[in-house]
$ cat run-v2.txt   # compact mmCIF, C-alpha atoms and all ligand atoms
# COMPACT_ATOMS: atom_id res chain seq x y z
CA MET Y 1 19.58 -2.11 -9.68
CA VAL Y 2 16.09 -2.88 -8.40
CA LYS Y 3 14.90 -1.79 -4.95
CA ALA Y 4 11.53 -2.41 -3.36
CA VAL Y 5 9.79 -0.04 -0.95
CA VAL Y 6 7.21 -1.96 1.04
CA GLY Y 7 5.29 -1.84 4.33
CA ALA Y 8 5.90 -3.99 7.43
CA ASN Y 9 2.46 -3.62 8.94
CA TRP Y 10 -1.11 -2.76 7.95
CA GLY Y 11 -0.22 -0.05 5.44
CA ASP Y 12 -0.02 3.72 5.88
CA GLU Y 13 3.55 3.43 7.15
CA GLY Y 14 4.69 6.34 5.00
CA LYS Y 15 5.80 4.40 1.90
CA GLY Y 16 4.69 7.25 -0.38
CA LYS Y 17 7.00 9.71 1.30
CA ILE Y 18 9.96 7.28 1.24
CA THR Y 19 9.34 6.36 -2.42
CA ASP Y 20 8.96 10.01 -3.43
CA MET Y 21 12.24 10.72 -1.63
CA LEU Y 22 14.13 7.76 -3.17
CA ALA Y 23 12.64 8.50 -6.59
CA LYS Y 24 14.99 11.47 -6.80
CA GLU Y 25 17.79 8.99 -7.50
CA ALA Y 26 15.68 6.51 -9.49
CA ASP Y 27 15.03 6.20 -13.21
CA ILE Y 28 11.86 4.16 -12.97
CA VAL Y 29 9.14 3.71 -10.32
CA VAL Y 30 6.76 0.76 -10.65
CA ARG Y 31 3.49 0.00 -8.88
CA PHE Y 32 3.22 -3.79 -8.83
CA GLN Y 33 0.01 -4.67 -6.94
CA GLY Y 34 -3.21 -3.30 -5.48
CA GLY Y 35 -5.50 -0.70 -6.90
CA ALA Y 36 -7.15 2.59 -6.10
CA ASN Y 37 -8.36 1.24 -2.75
CA ALA Y 38 -5.56 2.75 -0.68
CA GLY Y 39 -3.44 5.80 -1.13
CA HIS Y 40 -0.13 7.42 -0.43
CA THR Y 41 0.08 10.95 0.87
CA ILE Y 42 2.93 12.98 -0.52
CA VAL Y 43 3.99 16.46 0.47
CA ASN Y 44 6.40 18.30 -1.81
CA GLY Y 45 7.02 21.64 -3.50
CA TYR Y 46 3.84 21.36 -5.58
CA GLY Y 47 1.59 20.85 -2.55
CA LYS Y 48 -0.03 17.89 -0.81
CA PHE Y 49 -1.27 14.98 -2.90
CA ALA Y 50 -3.11 11.72 -2.30
CA LEU Y 51 -2.00 9.20 -4.92
CA HIS Y 52 -4.10 6.09 -5.38
CA THR Y 53 -2.94 4.52 -8.61
CA LEU Y 54 -0.04 6.60 -9.89
CA PRO Y 55 3.47 5.61 -8.78
CA SER Y 56 5.10 8.02 -6.33
CA GLY Y 57 7.74 9.06 -8.87
CA VAL Y 58 5.30 11.23 -10.82
CA PHE Y 59 6.59 14.47 -9.33
CA TYR Y 60 9.99 14.21 -11.02
CA GLY Y 61 10.53 14.95 -14.69
CA HIS Y 62 13.30 12.35 -14.95
CA THR Y 63 11.41 9.25 -13.79
CA VAL Y 64 9.41 6.84 -15.89
CA ASN Y 65 6.37 5.75 -13.90
CA ILE Y 66 4.96 2.33 -14.54
CA ILE Y 67 1.72 0.59 -13.67
CA GLY Y 68 2.67 -3.06 -13.68
CA ASN Y 69 0.66 -6.12 -14.65
CA GLY Y 70 -0.07 -6.92 -10.97
CA VAL Y 71 -2.13 -3.76 -10.43
CA ALA Y 72 -5.92 -3.54 -10.45
CA LEU Y 73 -6.21 -0.78 -13.03
CA ASN Y 74 -9.18 1.54 -12.77
CA ILE Y 75 -8.80 3.52 -15.98
CA PRO Y 76 -11.12 6.52 -15.30
CA VAL Y 77 -9.65 6.88 -11.81
CA LEU Y 78 -6.15 6.89 -13.28
CA ILE Y 79 -7.04 9.55 -15.84
CA GLN Y 80 -8.70 11.66 -13.14
CA GLU Y 81 -5.61 11.35 -10.96
CA ILE Y 82 -3.34 12.54 -13.76
CA LYS Y 83 -5.65 15.54 -14.18
CA SER Y 84 -5.59 16.30 -10.46
CA LEU Y 85 -1.81 16.61 -10.71
CA THR Y 86 -1.66 18.70 -13.86
CA ASP Y 87 -4.41 20.97 -12.47
CA LYS Y 88 -2.05 21.80 -9.58
CA GLY Y 89 0.84 22.62 -11.92
CA VAL Y 90 2.69 19.28 -11.90
CA PRO Y 91 4.03 18.52 -15.42
CA ALA Y 92 2.21 15.60 -17.10
CA PRO Y 93 3.97 12.45 -15.80
CA ASN Y 94 5.93 10.11 -17.99
CA LEU Y 95 3.66 7.09 -17.59
CA LEU Y 96 3.58 3.55 -18.96
CA VAL Y 97 0.87 0.98 -18.33
CA SER Y 98 1.47 -2.74 -18.77
CA ASP Y 99 -0.42 -4.33 -21.65
CA ARG Y 100 -0.94 -7.25 -19.25
CA ALA Y 101 -2.49 -5.19 -16.45
CA GLN Y 102 -6.12 -6.08 -15.89
CA ILE Y 103 -8.99 -3.63 -15.79
CA VAL Y 104 -11.30 -2.87 -12.89
CA MET Y 105 -14.75 -3.02 -14.50
CA PRO Y 106 -17.72 -0.90 -13.38
CA TYR Y 107 -19.43 -4.08 -12.22
CA HIS Y 108 -16.50 -4.94 -9.91
CA ILE Y 109 -17.23 -1.80 -7.95
CA LEU Y 110 -20.95 -2.60 -7.84
CA PHE Y 111 -20.32 -6.19 -6.73
CA ASP Y 112 -18.10 -4.90 -3.92
CA GLN Y 113 -20.98 -2.73 -2.68
CA TYR Y 114 -23.60 -5.43 -3.10
CA GLU Y 115 -21.50 -7.99 -1.26
CA GLU Y 116 -20.87 -5.61 1.66
CA GLU Y 117 -24.62 -4.95 1.79
CA ARG Y 118 -25.35 -8.67 1.74
CA LEU Y 119 -22.84 -9.40 4.53
CA ALA Y 120 -24.09 -6.40 6.50
CA GLY Y 121 -22.41 -6.48 9.96
CA LYS Y 122 -20.11 -9.36 8.94
CA SER Y 123 -18.42 -7.41 6.17
CA PHE Y 124 -14.65 -7.18 5.62
CA GLY Y 125 -14.59 -3.41 5.79
CA SER Y 126 -13.94 -3.13 2.06
CA THR Y 127 -13.20 0.29 0.58
CA LYS Y 128 -15.68 -0.67 -2.16
CA SER Y 129 -13.23 0.03 -4.96
CA GLY Y 130 -13.93 -3.32 -6.60
CA ILE Y 131 -10.59 -4.83 -5.64
CA ALA Y 132 -11.77 -8.18 -4.26
CA PRO Y 133 -14.22 -8.86 -7.14
CA PHE Y 134 -11.48 -7.75 -9.57
CA TYR Y 135 -8.86 -10.20 -8.28
CA SER Y 136 -11.49 -12.96 -7.96
CA ASP Y 137 -12.25 -12.56 -11.66
CA LYS Y 138 -8.55 -12.37 -12.56
CA TYR Y 139 -7.93 -15.77 -10.99
CA ALA Y 140 -11.26 -17.15 -12.24
CA LYS Y 141 -9.84 -16.18 -15.67
CA ILE Y 142 -12.72 -13.94 -16.66
CA GLY Y 143 -10.81 -10.66 -16.28
CA PHE Y 144 -9.98 -8.18 -19.03
CA GLN Y 145 -6.37 -7.39 -19.91
CA VAL Y 146 -5.44 -3.96 -21.26
CA SER Y 147 -4.12 -5.60 -24.45
CA GLU Y 148 -7.58 -7.05 -25.12
CA LEU Y 149 -9.07 -3.56 -25.49
CA PHE Y 150 -7.37 -3.44 -28.88
CA HIS Y 151 -9.05 -6.59 -30.21
CA ARG Y 152 -12.71 -5.69 -30.68
CA GLU Y 153 -13.98 -9.16 -31.64
CA LEU Y 154 -12.36 -10.79 -28.66
CA LEU Y 155 -13.73 -8.03 -26.47
CA GLU Y 156 -17.29 -8.69 -27.67
CA GLU Y 157 -16.95 -12.38 -26.95
CA LYS Y 158 -15.57 -11.73 -23.48
CA ALA Y 159 -18.17 -9.07 -22.64
CA GLU Y 160 -20.90 -11.52 -23.56
CA LYS Y 161 -19.41 -14.20 -21.33
CA ALA Y 162 -18.82 -11.84 -18.39
CA ALA Y 163 -22.35 -10.40 -18.58
CA GLY Y 164 -23.75 -13.93 -18.70
CA ILE Y 165 -21.99 -15.00 -15.50
CA LYS Y 166 -22.50 -11.75 -13.61
CA ASN Y 167 -26.18 -11.46 -14.49
CA VAL Y 168 -26.97 -14.77 -12.80
CA LEU Y 169 -25.63 -13.36 -9.53
CA LEU Y 170 -27.20 -9.95 -10.06
CA GLU Y 171 -30.60 -11.45 -10.66
CA HIS Y 172 -30.69 -14.28 -8.13
CA LEU Y 173 -28.30 -13.34 -5.34
CA TYR Y 174 -28.31 -9.56 -5.20
CA HIS Y 175 -31.61 -8.67 -6.95
CA LYS Y 176 -30.01 -5.73 -8.74
CA PRO Y 177 -30.15 -4.34 -12.29
CA LEU Y 178 -28.48 -6.53 -14.93
CA ILE Y 179 -25.43 -5.73 -17.05
CA ASP Y 180 -26.13 -4.73 -20.63
CA LYS Y 181 -23.44 -6.13 -22.92
CA GLU Y 182 -23.66 -3.27 -25.43
CA GLU Y 183 -23.33 -0.69 -22.67
CA LEU Y 184 -20.31 -2.54 -21.34
CA LEU Y 185 -18.69 -2.44 -24.78
CA VAL Y 186 -19.25 1.32 -25.03
CA THR Y 187 -17.48 1.69 -21.67
CA LEU Y 188 -14.61 -0.50 -22.81
CA ASP Y 189 -14.28 1.50 -26.04
CA SER Y 190 -13.95 4.66 -23.96
CA TYR Y 191 -11.32 2.95 -21.77
CA ARG Y 192 -9.32 2.09 -24.90
CA GLU Y 193 -9.25 5.76 -25.93
CA MET Y 194 -8.12 6.82 -22.47
CA ILE Y 195 -5.35 4.28 -21.96
CA ALA Y 196 -3.96 3.95 -25.51
CA PRO Y 197 -1.18 6.58 -25.12
CA TYR Y 198 0.38 4.71 -22.19
CA VAL Y 199 0.27 1.03 -23.15
CA CYS Y 200 3.61 -0.77 -23.14
CA ASP Y 201 5.20 -4.21 -22.95
CA VAL Y 202 6.49 -3.47 -19.45
CA SER Y 203 8.55 -6.58 -18.74
CA ALA Y 204 10.51 -6.06 -21.98
CA PHE Y 205 10.99 -2.38 -21.09
CA LEU Y 206 12.25 -3.27 -17.59
CA ASP Y 207 14.52 -6.04 -18.88
CA LYS Y 208 16.28 -3.52 -21.11
CA ALA Y 209 16.40 -0.90 -18.35
CA VAL Y 210 17.96 -3.29 -15.83
CA LYS Y 211 20.57 -4.38 -18.40
CA GLU Y 212 21.43 -0.73 -18.99
CA GLY Y 213 22.03 -0.29 -15.24
CA LYS Y 214 18.99 1.87 -14.55
CA THR Y 215 17.66 2.19 -11.01
CA VAL Y 216 14.16 0.79 -10.60
CA LEU Y 217 11.97 1.28 -7.51
CA LEU Y 218 9.14 -1.14 -6.88
CA GLU Y 219 6.47 0.56 -4.82
CA GLY Y 220 4.24 -1.59 -2.62
CA GLN Y 221 0.80 -0.77 -1.34
CA LEU Y 222 -0.40 -1.66 2.18
CA GLY Y 223 1.93 -3.95 4.18
CA THR Y 224 2.84 -7.51 5.18
CA LEU Y 225 -0.11 -7.96 7.52
CA LYS Y 226 -2.53 -7.32 4.64
CA ASP Y 227 -0.91 -9.96 2.42
CA PRO Y 228 -3.42 -12.66 1.44
CA ASP Y 229 -0.99 -15.48 2.33
CA HIS Y 230 1.09 -14.10 5.18
CA GLY Y 231 -1.25 -11.50 6.64
CA ILE Y 232 -4.25 -11.62 8.98
CA TYR Y 233 -6.40 -13.64 6.58
CA PRO Y 234 -9.27 -13.11 5.82
CA MET Y 235 -8.97 -9.43 6.82
CA VAL Y 236 -6.40 -8.88 4.09
CA THR Y 237 -6.23 -7.33 0.68
CA SER Y 238 -6.58 -9.38 -2.50
CA SER Y 239 -3.07 -9.09 -3.96
CA SER Y 240 0.29 -9.85 -2.41
CA THR Y 241 1.88 -6.92 -0.62
CA LEU Y 242 5.32 -8.55 -0.40
CA ALA Y 243 8.50 -7.44 -2.13
CA ALA Y 244 8.79 -10.92 -3.65
CA TYR Y 245 5.59 -10.25 -5.55
CA GLY Y 246 7.24 -7.15 -6.96
CA ALA Y 247 9.08 -9.44 -9.35
CA ILE Y 248 5.82 -10.92 -10.61
CA GLY Y 249 3.69 -7.78 -10.57
CA ALA Y 250 6.30 -5.84 -12.54
CA GLY Y 251 7.66 -8.70 -14.68
CA LEU Y 252 11.24 -8.85 -13.38
CA PRO Y 253 13.50 -11.73 -12.31
CA PRO Y 254 13.32 -12.16 -8.50
CA TYR Y 255 17.12 -12.09 -8.16
CA GLU Y 256 17.24 -8.53 -9.52
CA ILE Y 257 15.67 -7.13 -6.32
CA LYS Y 258 18.83 -6.17 -4.41
CA GLU Y 259 17.41 -3.96 -1.70
CA VAL Y 260 14.17 -4.25 0.23
CA ILE Y 261 13.40 -1.08 2.14
CA THR Y 262 10.68 -1.91 4.62
CA VAL Y 263 8.82 1.06 6.02
CA CYS Y 264 7.83 0.89 9.71
CA LYS Y 265 5.94 3.64 11.47
CA ALA Y 266 7.07 4.64 14.99
CA TYR Y 267 3.60 3.69 16.30
CA SER Y 268 0.84 1.57 14.78
CA SER Y 269 -2.26 2.38 12.78
CA ALA Y 270 -4.63 0.22 10.80
CA VAL Y 271 -7.74 0.61 8.70
CA GLY Y 272 -10.47 -1.94 8.27
CA ALA Y 273 -11.40 -4.84 10.47
CA GLY Y 274 -9.11 -7.53 11.88
CA VAL Y 275 -7.04 -8.30 14.97
CA PHE Y 276 -4.81 -5.42 16.05
CA VAL Y 277 -3.10 -6.55 19.25
CA SER Y 278 -1.51 -3.26 20.34
CA GLU Y 279 -4.61 -1.18 19.58
CA ILE Y 280 -5.44 1.65 21.95
CA PHE Y 281 -8.77 3.39 22.52
CA GLY Y 282 -10.40 6.45 24.00
CA GLU Y 283 -8.63 9.75 24.57
CA GLU Y 284 -5.16 8.15 24.35
CA ALA Y 285 -5.95 6.92 20.82
CA GLU Y 286 -7.70 10.13 19.84
CA GLU Y 287 -4.68 12.24 20.75
CA LEU Y 288 -2.28 10.03 18.77
CA ARG Y 289 -4.69 10.04 15.81
CA ARG Y 290 -4.98 13.80 15.89
CA ARG Y 291 -1.23 14.34 16.11
CA GLY Y 292 -0.28 11.47 13.80
CA GLY Y 293 0.98 11.49 10.21
CA ASP Y 294 0.72 14.86 8.57
CA GLY Y 295 -2.56 16.38 9.77
CA GLY Y 296 -3.99 13.33 11.50
CA GLU Y 297 -4.38 9.61 10.86
CA TYR Y 298 -7.29 9.49 8.44
CA GLY Y 299 -7.37 7.28 5.32
CA ALA Y 300 -5.84 8.92 2.22
CA THR Y 301 -8.50 7.36 -0.02
CA THR Y 302 -11.49 6.98 2.26
CA GLY Y 303 -11.00 9.68 4.93
CA ARG Y 304 -11.86 7.00 7.52
CA PRO Y 305 -10.29 7.53 10.98
CA ARG Y 306 -7.50 4.99 11.36
CA ARG Y 307 -7.35 2.61 14.32
CA MET Y 308 -4.39 3.53 16.50
CA GLY Y 309 -1.92 1.56 18.61
CA TRP Y 310 1.58 1.45 20.07
CA PHE Y 311 4.52 0.08 18.12
CA ASP Y 312 4.25 -3.68 17.83
CA CYS Y 313 7.65 -5.42 17.74
CA VAL Y 314 6.09 -8.86 17.24
CA ALA Y 315 4.10 -7.83 14.17
CA SER Y 316 6.93 -5.66 12.81
CA LYS Y 317 9.64 -8.31 13.22
CA TYR Y 318 7.42 -10.72 11.31
CA GLY Y 319 6.48 -8.01 8.80
CA CYS Y 320 10.14 -7.25 8.09
CA ARG Y 321 11.07 -10.93 7.84
CA LEU Y 322 8.42 -11.74 5.24
CA GLN Y 323 9.47 -8.75 3.17
CA GLY Y 324 13.12 -9.90 3.13
CA THR Y 325 14.17 -6.56 4.60
CA THR Y 326 17.64 -5.17 3.93
CA ASP Y 327 16.85 -1.71 5.38
CA VAL Y 328 14.18 -0.36 7.68
CA ALA Y 329 12.88 3.17 7.10
CA PHE Y 330 11.47 4.23 10.48
CA THR Y 331 8.88 6.97 9.94
CA VAL Y 332 6.75 9.53 11.75
CA LEU Y 333 9.05 9.51 14.79
CA ASP Y 334 8.49 13.26 15.30
CA VAL Y 335 4.86 12.63 16.24
CA LEU Y 336 5.77 10.85 19.50
CA GLY Y 337 7.53 13.92 20.96
CA TYR Y 338 4.55 14.76 23.21
CA LEU Y 339 4.62 11.59 25.32
CA ASP Y 340 6.22 11.21 28.78
CA GLU Y 341 6.45 7.48 28.33
CA ILE Y 342 6.00 5.39 25.20
CA PRO Y 343 4.67 1.86 25.54
CA VAL Y 344 6.10 -0.66 23.05
CA CYS Y 345 4.53 -4.08 22.51
CA VAL Y 346 7.38 -6.59 22.93
CA GLY Y 347 5.47 -9.87 23.15
CA TYR Y 348 2.08 -11.54 22.86
CA GLU Y 349 0.53 -13.55 25.63
CA ILE Y 350 -1.38 -16.47 24.14
CA ASP Y 351 -2.94 -19.14 26.37
CA GLY Y 352 -0.73 -18.08 29.28
CA GLU Y 353 2.52 -18.21 27.28
CA ILE Y 354 4.53 -15.27 26.03
CA THR Y 355 5.82 -15.31 22.48
CA SER Y 356 7.55 -12.91 20.13
CA ASP Y 357 6.51 -14.91 17.06
CA PHE Y 358 3.53 -13.62 15.12
CA PRO Y 359 0.97 -16.44 14.85
CA ALA Y 360 -1.61 -17.35 12.20
CA THR Y 361 -4.99 -15.66 12.54
CA ALA Y 362 -6.89 -18.17 14.68
CA ARG Y 363 -4.23 -18.03 17.41
CA LEU Y 364 -3.66 -14.31 16.90
CA ALA Y 365 -7.24 -13.68 18.00
CA LYS Y 366 -6.25 -14.83 21.51
CA ALA Y 367 -3.14 -12.64 21.79
CA LYS Y 368 -2.83 -10.00 24.49
CA PRO Y 369 -0.09 -7.38 24.28
CA CYS Y 370 2.91 -7.32 26.68
CA TYR Y 371 4.26 -3.79 26.95
CA GLU Y 372 7.51 -2.23 27.97
CA ALA Y 373 7.42 1.53 28.53
CA LEU Y 374 10.33 3.63 27.27
CA PRO Y 375 10.97 7.21 28.39
CA GLY Y 376 9.84 9.90 25.96
CA TRP Y 377 12.01 12.79 24.73
CA LYS Y 378 9.46 15.57 25.14
CA CYS Y 379 10.60 17.85 22.34
CA ASP Y 380 10.19 18.52 18.64
CA ILE Y 381 12.75 16.62 16.55
CA ARG Y 382 11.69 18.02 13.18
CA GLY Y 383 14.52 19.68 11.28
CA ILE Y 384 17.27 17.53 12.83
CA LYS Y 385 19.54 16.12 10.11
CA GLU Y 386 22.11 14.04 12.00
CA TYR Y 387 21.27 10.94 14.00
CA GLU Y 388 23.63 11.95 16.82
CA ASP Y 389 21.70 15.20 17.24
CA LEU Y 390 18.50 13.38 18.20
CA PRO Y 391 17.73 13.39 21.95
CA VAL Y 392 19.19 10.38 23.72
CA ASN Y 393 15.76 8.96 24.65
CA CYS Y 394 14.73 9.22 21.02
CA ARG Y 395 17.83 7.30 19.87
CA ASN Y 396 17.18 4.75 22.60
CA TYR Y 397 13.64 4.27 21.27
CA VAL Y 398 14.95 3.65 17.74
CA GLU Y 399 17.72 1.32 18.92
CA PHE Y 400 15.44 -0.60 21.28
CA ILE Y 401 13.03 -1.29 18.42
CA GLU Y 402 15.85 -2.08 16.01
CA LYS Y 403 17.12 -4.73 18.42
CA GLN Y 404 13.66 -6.19 18.97
CA ILE Y 405 12.84 -6.52 15.28
CA GLY Y 406 16.34 -7.55 14.22
CA TYR Y 407 16.68 -5.48 11.03
CA PRO Y 408 18.82 -2.34 10.59
CA VAL Y 409 17.09 1.03 10.75
CA THR Y 410 19.06 2.96 8.14
CA MET Y 411 16.60 5.83 7.65
CA VAL Y 412 14.68 7.79 10.26
CA SER Y 413 11.92 10.07 9.01
CA ASN Y 414 11.19 13.08 11.22
CA GLY Y 415 8.63 14.97 9.14
CA PRO Y 416 6.40 14.54 6.09
CA GLY Y 417 8.60 16.44 3.61
CA ARG Y 418 11.18 15.01 1.21
CA ASP Y 419 14.09 16.40 3.19
CA ASP Y 420 12.87 15.31 6.62
CA ILE Y 421 15.16 12.30 6.72
CA ILE Y 422 18.12 11.16 8.79
CA TYR Y 423 20.40 8.49 7.34
CA ARG Y 424 22.18 5.94 9.52
CA LYS Y 425 24.88 3.45 8.63
CA LYS Y 426 24.19 -0.28 8.98
P1 LIG B 1 1.63 5.13 2.78
O1 LIG B 1 0.39 4.61 2.18
O2 LIG B 1 2.48 4.05 3.37
O3 LIG B 1 2.39 6.00 1.84
O4 LIG B 1 1.22 6.04 4.03
P2 LIG B 1 0.20 7.27 4.07
O5 LIG B 1 0.57 8.25 3.07
O6 LIG B 1 -1.19 6.80 4.09
O7 LIG B 1 0.46 7.79 5.56
C1 LIG B 1 1.59 8.38 5.95
C2 LIG B 1 1.25 9.78 6.45
O8 LIG B 1 2.31 10.22 7.25
C3 LIG B 1 1.15 10.81 5.34
O9 LIG B 1 0.24 11.80 5.74
C4 LIG B 1 2.56 11.39 5.25
O10 LIG B 1 2.62 12.70 4.75
C5 LIG B 1 2.95 11.36 6.68
N1 LIG B 1 4.36 11.15 6.96
C6 LIG B 1 5.25 10.31 6.35
N2 LIG B 1 6.43 10.35 7.00
C7 LIG B 1 6.27 11.21 8.05
C8 LIG B 1 7.11 11.64 9.11
O11 LIG B 1 8.26 11.21 9.27
N3 LIG B 1 6.58 12.53 10.01
C9 LIG B 1 5.30 13.00 9.91
N4 LIG B 1 4.86 13.84 10.82
N5 LIG B 1 4.47 12.59 8.92
C10 LIG B 1 4.96 11.72 8.02
$ encode --input "run-v2.txt" --output "structure tokens" --more "lines below"
Ligand code: GDP
Amino acid sequence: MVKAVVGANWGDEGKGKITDMLAKEADIVVRFQGGANAGHTIVNGYGKFALHTLPSGVFYGHTVNIIGNGVALNIPVLIQEIKSLTDKGVPAPNLLVSDRAQIVMPYHILFDQYEEERLAGKSFGSTKSGIAPFYSDKYAKIGFQVSELFHRELLEEKAEKAAGIKNVLLEHLYHKPLIDKEELLVTLDSYREMIAPYVCDVSAFLDKAVKEGKTVLLEGQLGTLKDPDHGIYPMVTSSSTLAAYGAIGAGLPPYEIKEVITVCKAYSSAVGAGVFVSEIFGEEAEELRRRGGDGGEYGATTGRPRRMGWFDCVASKYGCRLQGTTDVAFTVLDVLGYLDEIPVCVGYEIDGEITSDFPATARLAKAKPCYEALPGWKCDIRGIKEYEDLPVNCRNYVEFIEKQIGYPVTMVSNGPGRDDIIYRKK
């Protein structure tokens, strides 16, 4: 049984918490895309953790955690992250890394910085983790696969080729120090030492696991609106954030994904540049940011303040549709308990017409939000375990949004912890 946990929006919907929670019943958790550019925040008995590369199942002794071939693998960051867990008393995770995963090279990170410098004010708001240069090289077929670390001659040949191409740009476009091939090989040798204990033929491992009836969770990073094809291109990430890509980025047949749990936050937040129709500003935004998430809406990886907004039914309906949602996990609802009235974006006005269909980027830029205000519930809903025990205005908020987006909300999260969850029937 394979399930995917993915985001409907711009990321930071609380996927880490939902994955950590569902991992209790899972045998395997797989990261299938993205890199160390974003993070999940997880709160559990060991403390509070920001995971960037490790799958969110690492806190359970019974789960196998896998970094799939679709991930941008930064080896030293991964090793550091494992250490940050074990330093806090978490047992060393059971971890496997795909032999087909590709490696984020030191020069990918540098190129990310240099390109942002070059673009100056016109930059994409990159986290400078090397993700865009990494995926560019992957598809330009000059990337390095983990398996190649174990073939020294091939590695030398490839390092020579990569340095040759990169040095042209370093010299003539960026005017920065050149790559030394021998130095690069020393780095790659050290990567081999670090990663060797974890390397595995992941698709073969998963094939066997699925045939044995194991439960596999595919854990997405970011959300639909950051997908390079279906998101707000070009202000997107460089790998697909959709559940469908879970099949490719893990190495599984697409028909094995039986459940798609799409995580939607009860209000909106986004990091980086790009159109954000229901964005709010000033004191209203500052208050939501301060109260939001668990200790404020600031990036788990970058610490950047997140852009804030009201719930966007247009973007979320689209976000859920592209994910192929079977279940919506509606998170961070507890945070809204301070508001008298809660605006919800129910349509976009574009060129004088109102639509509930999320458009492609050029048209999106013209969209203005249409709001409907729902009454707040003005109390703390943390600790409530049964849906019927939620205040009526709170249930109305959930049901109003459920109707607008058209997908069943089967989980309501009312706190950051593993047990802060209310299940609902479809
Ligand atoms: P992810 O990348 O989708 O996992 O999202 P993040 O971890 O960046 O952001 C979610 C934040 O909200 C984290 O700080 C979580 O601990 C927190 N969180 C998740 N679910 C809830 C919830 O239901 N209530 C509250 N108050 N915080 C939550």
$ closest_atom_pairs --input "run-v2.txt" --of "chain Y" --to "ligand LIG 1 (chain B)" --cutoff "9 Å" --atoms "only C-alpha atoms and all ligand atoms" --output "CSV"
residue,atom,partner,partner_atom,distance
Y:Val6,CA,B:LIG1,O2,8.0
Y:Gly7,CA,B:LIG1,O2,6.6
Y:Trp10,CA,B:LIG1,O2,9.0
Y:Gly11,CA,B:LIG1,O2,5.3
Y:Asp12,CA,B:LIG1,O4,3.2
Y:Glu13,CA,B:LIG1,O2,4.0
Y:Gly14,CA,B:LIG1,O2,3.6
Y:Lys15,CA,B:LIG1,O2,3.6
Y:Gly16,CA,B:LIG1,O3,3.4
Y:Lys17,CA,B:LIG1,C6,5.4
Y:Ile18,CA,B:LIG1,N2,7.4
Y:Thr19,CA,B:LIG1,O3,8.2
Y:Ala38,CA,B:LIG1,O1,6.9
Y:Gly39,CA,B:LIG1,O1,5.2
Y:His40,CA,B:LIG1,O5,3.7
Y:Thr41,CA,B:LIG1,O5,3.5
Y:Ile42,CA,B:LIG1,O10,5.3
Y:Val43,CA,B:LIG1,O10,5.9
Y:Lys48,CA,B:LIG1,O10,8.1
Y:Phe49,CA,B:LIG1,O10,8.9
Y:Ala50,CA,B:LIG1,O5,7.4
Y:Leu51,CA,B:LIG1,O5,8.4
Y:His52,CA,B:LIG1,O1,8.9
Y:Ser56,CA,B:LIG1,O3,8.8
Y:Gly220,CA,B:LIG1,O2,8.4
Y:Gln221,CA,B:LIG1,O1,6.4
Y:Leu222,CA,B:LIG1,O1,6.3
Y:Gly223,CA,B:LIG1,O2,8.1
Y:Val263,CA,B:LIG1,O2,7.5
Y:Cys264,CA,B:LIG1,O2,8.9
Y:Lys265,CA,B:LIG1,N2,8.1
Y:Ala266,CA,B:LIG1,O11,8.8
Y:Arg291,CA,B:LIG1,N4,8.1
Y:Gly292,CA,B:LIG1,N4,6.4
Y:Gly293,CA,B:LIG1,O8,3.5
Y:Asp294,CA,B:LIG1,O9,4.2
Y:Gly295,CA,B:LIG1,O9,6.7
Y:Gly296,CA,B:LIG1,O9,7.3
Y:Glu297,CA,B:LIG1,C2,7.2
Y:Tyr298,CA,B:LIG1,O6,8.0
Y:Gly299,CA,B:LIG1,O6,6.3
Y:Ala300,CA,B:LIG1,O6,5.4
Y:Thr301,CA,B:LIG1,O6,8.4
Y:Phe330,CA,B:LIG1,O11,7.8
Y:Thr331,CA,B:LIG1,O11,4.3
Y:Val332,CA,B:LIG1,O11,3.4
Y:Leu333,CA,B:LIG1,O11,5.8
Y:Asp334,CA,B:LIG1,N3,5.7
Y:Val335,CA,B:LIG1,N4,5.6
Y:Arg382,CA,B:LIG1,N3,8.1
Y:Val412,CA,B:LIG1,O11,7.3
Y:Ser413,CA,B:LIG1,O11,3.8
Y:Asn414,CA,B:LIG1,O11,4.0
Y:Gly415,CA,B:LIG1,N3,3.3
Y:Pro416,CA,B:LIG1,C10,3.7
Y:Gly417,CA,B:LIG1,O10,7.1
Y:Arg418,CA,B:LIG1,N2,8.8
Y:Asp420,CA,B:LIG1,O11,6.7
Y:Ile421,CA,B:LIG1,O11,7.4
$ residues_around --input "run-v2.txt" --residues "segment 137-148 of chain Y" --least-positions-apart "3" --cutoff "8 Å" --atoms "all atoms listed in the file" --output "ChimeraX atom specification"
/Y:98-103,133-134,151-152,154-155,158,162,199
$ atom_distance --input "run-v2.txt" --atom1 "atom CA of Gln404 of chain Y" --atom2 "atom CA of Gly347 of chain Y"
9.9 Å
$ closest_atom_pairs --input "run-v2.txt" --of "segment 253-319 of chain Y" --to "segment 339-342 of chain Y" --cutoff "12 Å" --atoms "all atoms listed in the file" --output "tab-separated table"
residue	atom	partner	partner_atom	distance
Y:Ala266	CA	Y:Ile342	CA	10.3
Y:Tyr267	CA	Y:Ile342	CA	9.4
Y:Glu284	CA	Y:Leu339	CA	10.4
Y:Glu287	CA	Y:Leu339	CA	10.4
Y:Leu288	CA	Y:Leu339	CA	9.6
Y:Arg291	CA	Y:Leu339	CA	11.3
Y:Gly309	CA	Y:Ile342	CA	11.0
Y:Trp310	CA	Y:Ile342	CA	7.8
Y:Phe311	CA	Y:Ile342	CA	9.0
Y:Asp312	CA	Y:Ile342	CA	11.8
